[in-house]
Amino acid sequence: MKTRNIAVLLVSVVVFTNCFAQKENKKDKKDKTEIVTTTTTPEVTTQEAPVITEQCLVNISLFNESAKNKQYADALKPWRAAYNECPNANKVIYSKGSDILKWAISQAKTDAEYKAVFDELMGMYDNRIKYFGDDTRYPKALILGWKALDYITYVKGDEAKKPAYKWLEESIDGMGEASELEVIRQFMLLSTANYQADKKTTDKYIADYLKVKSIFEMKSKDADQAYAEYNTQMEQAIDGLFVQSGAADCNTLDGVYEAKVKANLKNLDFLNNVINFYKRIRCTESEVYFSAAVAVYKIKPTSESANGCAEMSYKKNEFSKAIAFYEDATKLATAKLEKADYQYKIAQIYYIELNNFPRAREYARNSLEYNPNNGSPYLLIGSMYAKSKGIYDDAVLAKTIYWVAVDKFIKAKQVDQSAKNIEDANKLIRVYSDYFPSKEDVFFQPDLQSGKSFTVGGWIGETTTCR
């Protein structure tokens, strides 16, 4: 079943990127068709650069014109002449050569002919790196990515595609956040396949995933990026691929990282990477995660390490310690959303574990100061109101607490339009609206007549509208 799920994910990753790939390829193709006007070439250190003759330039003009019109049969002969005689003359030999050779592959009649043209295509990328690999616009790393993609598309008899995997990794390492999405996608598909074939490669697979995640993190910080939506979709698909692979299982990760954490208790960078990774995969109840968090907290406290210590304390029912660590995490955090999350966790502890409603409300309100668009604190406060006892001895007045409770549930819907929040709020509104005072209840209570303002007493101290 797990293998089938992964196969489905692989297909989904392919489908949603098709549109982007077409757009990106059109741009690349346009770039590649530009002919360099100068015939100067980079210095070739291994041997003297081939002489660029007049006939070579004529051949370049001939195949370029034919290739532009997709007349590849006419382009093949002059292209080969130029490629073999003066491979250093112009980048168009390679940008058009790729299209020409792919056409030639499609025309191959025998396996031997197919392999010969395929090898020629791979060799063409090697020569482009040799003569134009230091080009700032199309550097070696980018060319390796293109070579890998064509290898994957056209190779026969190589299911593992290990050469392509190596080239893709080199391309990503060299291009960084400028890496093409198709290169990233194919790299993770091959890495996943390698992992499925040999579980001993777990370390490498996790490293590959983290490498790709760092690329997306860099891309997300680029305010001018043209394909933000596609980047997000690709990242989500790769996250799903990783989760479905089985490598994201907490026990699997513990087996990989337990010994490493023990051996790196003073390696701050390593430990921070571990706790960030465990948090991302939602394995924050792992003892390995706790060990790394405690070690980081001792060396140099961070919001993440303080949060890890808080999670560990909570798991051990040491609620006072958990609250103290969450307070530290709040102070150390730089992002308001993080601060809001830590304050909300404290509110939950006071509400669920310590049954201290006033303190829980205090921290829920703190959370809202950092993130006023989160409905969860309002739902928490409303739930506390609905469960409050002993505010009134009078049975009718006691029902007024449900008015203020529902007020909070309505407020939660107003500030947070997420589907889950709306669903939870509506459910609570339905449940507690049934407990409102009835018309008969308020008949002899003039202060509770519909439409009037009423302040619920006790620790609640909230004003509501009677209904």
# chains A, B, ... in the order shown; residues from 1 in each chain; ligands from 1

$ select_by_dssp --residues "range 309-360 of chain A" --states "alpha helix (DSSP H)" --output "NGL selection string"
:A and (309-315 or 319-332 or 336-348 or 357-360)

$ write_last_selection --atoms "C-alpha atoms" --output "compact mmCIF listing (two decimals), in the first residue's frame"
# COMPACT_ATOMS: atom_id res chain seq x y z
CA CYS A 309 12.46 21.52 26.65
CA ALA A 310 8.87 22.64 27.25
CA GLU A 311 7.53 19.70 25.23
CA MET A 312 9.72 17.31 27.21
CA SER A 313 8.57 18.76 30.55
CA TYR A 314 4.93 18.58 29.49
CA LYS A 315 5.33 14.93 28.51
CA PHE A 319 3.68 21.56 34.00
CA SER A 320 5.35 24.40 35.90
CA LYS A 321 8.62 23.69 34.10
CA ALA A 322 6.82 23.47 30.77
CA ILE A 323 5.24 26.88 31.34
CA ALA A 324 8.61 28.40 32.28
CA PHE A 325 10.24 27.01 29.12
CA TYR A 326 7.39 28.28 26.95
CA GLU A 327 7.85 31.71 28.53
CA ASP A 328 11.55 31.54 27.57
CA ALA A 329 10.61 30.44 24.06
CA THR A 330 8.31 33.45 23.76
CA LYS A 331 11.08 35.85 24.80
CA LEU A 332 13.63 34.24 22.48
CA LYS A 336 5.09 37.18 16.32
CA LEU A 337 3.38 34.00 15.11
CA GLU A 338 5.86 31.91 17.11
CA LYS A 339 5.29 34.00 20.20
CA ALA A 340 1.53 33.61 19.74
CA ASP A 341 1.91 29.83 19.51
CA TYR A 342 3.97 29.56 22.70
CA GLN A 343 1.55 31.75 24.68
CA TYR A 344 -1.38 29.67 23.44
CA LYS A 345 0.35 26.48 24.61
CA ILE A 346 0.64 27.99 28.10
CA ALA A 347 -3.07 28.85 27.99
CA GLN A 348 -3.85 25.22 27.15
CA PHE A 357 -9.45 29.42 33.86
CA PRO A 358 -8.47 33.03 34.69
CA ARG A 359 -4.78 32.32 34.00
CA ALA A 360 -5.66 30.38 30.87

$ residues_around --residues "range 421-435 of chain A" --least-positions-apart "3" --cutoff "12 Å" --atoms "only C-alpha atoms" --output "PyMOL selection string"
chain A and resi 373-387+395-418+438+441+467

$ write_last_selection --atoms "N, CA and C atoms" --output "short mmCIF file (atom, residue, chain, number, x, y, z; two decimals), in the first residue's frame"
data_model
loop_
_atom_site.label_atom_id
_atom_site.label_comp_id
_atom_site.auth_asym_id
_atom_site.auth_seq_id
_atom_site.Cartn_x
_atom_site.Cartn_y
_atom_site.Cartn_z
N ASN A 373 -5.44 37.19 14.37
CA ASN A 373 -6.22 36.50 13.33
C ASN A 373 -6.32 34.99 13.55
N ASN A 374 -6.05 34.57 14.75
CA ASN A 374 -6.14 33.14 15.07
C ASN A 374 -7.41 32.91 15.89
N GLY A 375 -8.26 32.02 15.44
CA GLY A 375 -9.52 31.78 16.14
C GLY A 375 -9.40 30.88 17.35
N SER A 376 -8.31 30.09 17.45
CA SER A 376 -8.19 29.10 18.53
C SER A 376 -8.28 29.70 19.94
N PRO A 377 -7.59 30.82 20.22
CA PRO A 377 -7.72 31.39 21.57
C PRO A 377 -9.15 31.79 21.92
N TYR A 378 -9.90 32.30 20.95
CA TYR A 378 -11.30 32.64 21.21
C TYR A 378 -12.13 31.39 21.50
N LEU A 379 -11.85 30.33 20.77
CA LEU A 379 -12.57 29.07 21.04
C LEU A 379 -12.24 28.56 22.44
N LEU A 380 -10.97 28.72 22.84
CA LEU A 380 -10.55 28.28 24.17
C LEU A 380 -11.25 29.09 25.26
N ILE A 381 -11.27 30.40 25.10
CA ILE A 381 -11.91 31.26 26.09
C ILE A 381 -13.40 30.95 26.17
N GLY A 382 -14.05 30.81 25.02
CA GLY A 382 -15.47 30.49 25.01
C GLY A 382 -15.77 29.17 25.69
N SER A 383 -14.91 28.18 25.46
CA SER A 383 -15.10 26.87 26.10
C SER A 383 -14.97 26.97 27.61
N MET A 384 -14.03 27.80 28.07
CA MET A 384 -13.88 28.00 29.51
C MET A 384 -15.12 28.66 30.10
N TYR A 385 -15.65 29.67 29.41
CA TYR A 385 -16.86 30.32 29.89
C TYR A 385 -17.99 29.32 30.02
N ALA A 386 -18.15 28.50 28.99
CA ALA A 386 -19.26 27.54 28.96
C ALA A 386 -19.16 26.51 30.08
N LYS A 387 -17.94 26.26 30.54
CA LYS A 387 -17.74 25.23 31.57
C LYS A 387 -17.57 25.81 32.97
N ALA A 395 -30.48 29.76 38.87
CA ALA A 395 -30.42 28.87 37.71
C ALA A 395 -30.54 29.62 36.39
N VAL A 396 -31.37 30.66 36.34
CA VAL A 396 -31.54 31.42 35.10
C VAL A 396 -30.31 32.26 34.82
N LEU A 397 -29.81 32.96 35.82
CA LEU A 397 -28.61 33.77 35.64
C LEU A 397 -27.41 32.90 35.24
N ALA A 398 -27.40 31.69 35.76
CA ALA A 398 -26.28 30.80 35.43
C ALA A 398 -26.22 30.50 33.94
N LYS A 399 -27.38 30.57 33.27
CA LYS A 399 -27.41 30.29 31.83
C LYS A 399 -26.83 31.44 30.99
N THR A 400 -26.67 32.62 31.59
CA THR A 400 -26.16 33.76 30.82
C THR A 400 -24.70 33.57 30.40
N ILE A 401 -24.00 32.67 31.08
CA ILE A 401 -22.60 32.44 30.69
C ILE A 401 -22.52 31.88 29.26
N TYR A 402 -23.58 31.24 28.80
CA TYR A 402 -23.57 30.68 27.44
C TYR A 402 -23.66 31.78 26.39
N TRP A 403 -24.25 32.94 26.76
CA TRP A 403 -24.25 34.07 25.82
C TRP A 403 -22.81 34.54 25.54
N VAL A 404 -22.06 34.74 26.63
CA VAL A 404 -20.69 35.24 26.42
C VAL A 404 -19.81 34.17 25.78
N ALA A 405 -20.12 32.90 26.06
CA ALA A 405 -19.35 31.81 25.43
C ALA A 405 -19.56 31.83 23.92
N VAL A 406 -20.81 31.93 23.50
CA VAL A 406 -21.12 31.94 22.07
C VAL A 406 -20.58 33.21 21.42
N ASP A 407 -20.54 34.31 22.17
CA ASP A 407 -19.93 35.54 21.64
C ASP A 407 -18.49 35.26 21.19
N LYS A 408 -17.76 34.49 21.99
CA LYS A 408 -16.36 34.18 21.66
C LYS A 408 -16.27 33.25 20.44
N PHE A 409 -17.20 32.33 20.34
CA PHE A 409 -17.19 31.43 19.19
C PHE A 409 -17.48 32.20 17.90
N ILE A 410 -18.39 33.15 17.98
CA ILE A 410 -18.70 34.00 16.83
C ILE A 410 -17.49 34.84 16.46
N LYS A 411 -16.82 35.38 17.47
CA LYS A 411 -15.62 36.18 17.22
C LYS A 411 -14.54 35.34 16.55
N ALA A 412 -14.42 34.09 16.95
CA ALA A 412 -13.42 33.19 16.34
C ALA A 412 -13.68 33.07 14.85
N LYS A 413 -14.95 32.96 14.46
CA LYS A 413 -15.29 32.87 13.03
C LYS A 413 -14.97 34.16 12.30
N GLN A 414 -15.13 35.27 12.97
CA GLN A 414 -14.90 36.57 12.32
C GLN A 414 -13.44 36.81 12.01
N VAL A 415 -12.55 36.37 12.90
CA VAL A 415 -11.12 36.68 12.72
C VAL A 415 -10.37 35.60 11.96
N ASP A 416 -10.93 34.39 11.91
CA ASP A 416 -10.20 33.26 11.32
C ASP A 416 -11.14 32.50 10.38
N GLN A 417 -10.86 32.61 9.08
CA GLN A 417 -11.73 31.98 8.08
C GLN A 417 -11.27 30.59 7.65
N SER A 418 -10.31 30.03 8.35
CA SER A 418 -9.84 28.69 7.98
C SER A 418 -10.98 27.68 8.17
N SER A 438 -34.50 30.54 28.20
CA SER A 438 -35.70 30.53 27.37
C SER A 438 -36.54 31.76 27.66
N ASP A 441 -37.84 31.51 31.00
CA ASP A 441 -36.83 31.76 32.03
C ASP A 441 -36.72 33.25 32.35
N ARG A 467 -30.43 37.53 24.52
CA ARG A 467 -31.22 37.03 23.39
C ARG A 467 -31.88 35.70 23.77
#

$ atom_distance --atom1 "CA of Ser286 in chain A" --atom2 "CA of Ser214 in chain A"
23.1 Å

$ residues_around --residues "Thr465 in chain A" --least-positions-apart "2" --cutoff "8 Å" --atoms "only C-alpha atoms" --output "PyMOL selection string"
chain A and resi 403+450-454+463+467

$ atom_distance --atom1 "CA of Thr284 in chain A" --atom2 "CA of Met188 in chain A"
24.9 Å

$ select_by_dssp --residues "range 403-465 of chain A" --states "strand (DSSP E)" --output "count of residues only"
8

$ closest_residue --among "A:Glu65, A:Glu440, A:Glu462, A:Asp150" --to "Ile105 in chain A" --atoms "only C-alpha atoms"
A:Asp150

$ residues_around --residues "Tyr278 in chain A" --least-positions-apart "5" --cutoff "9 Å" --atoms "only C-alpha atoms" --output "ChimeraX atom specification"
/A:250,253,273,283-284,286,288-289
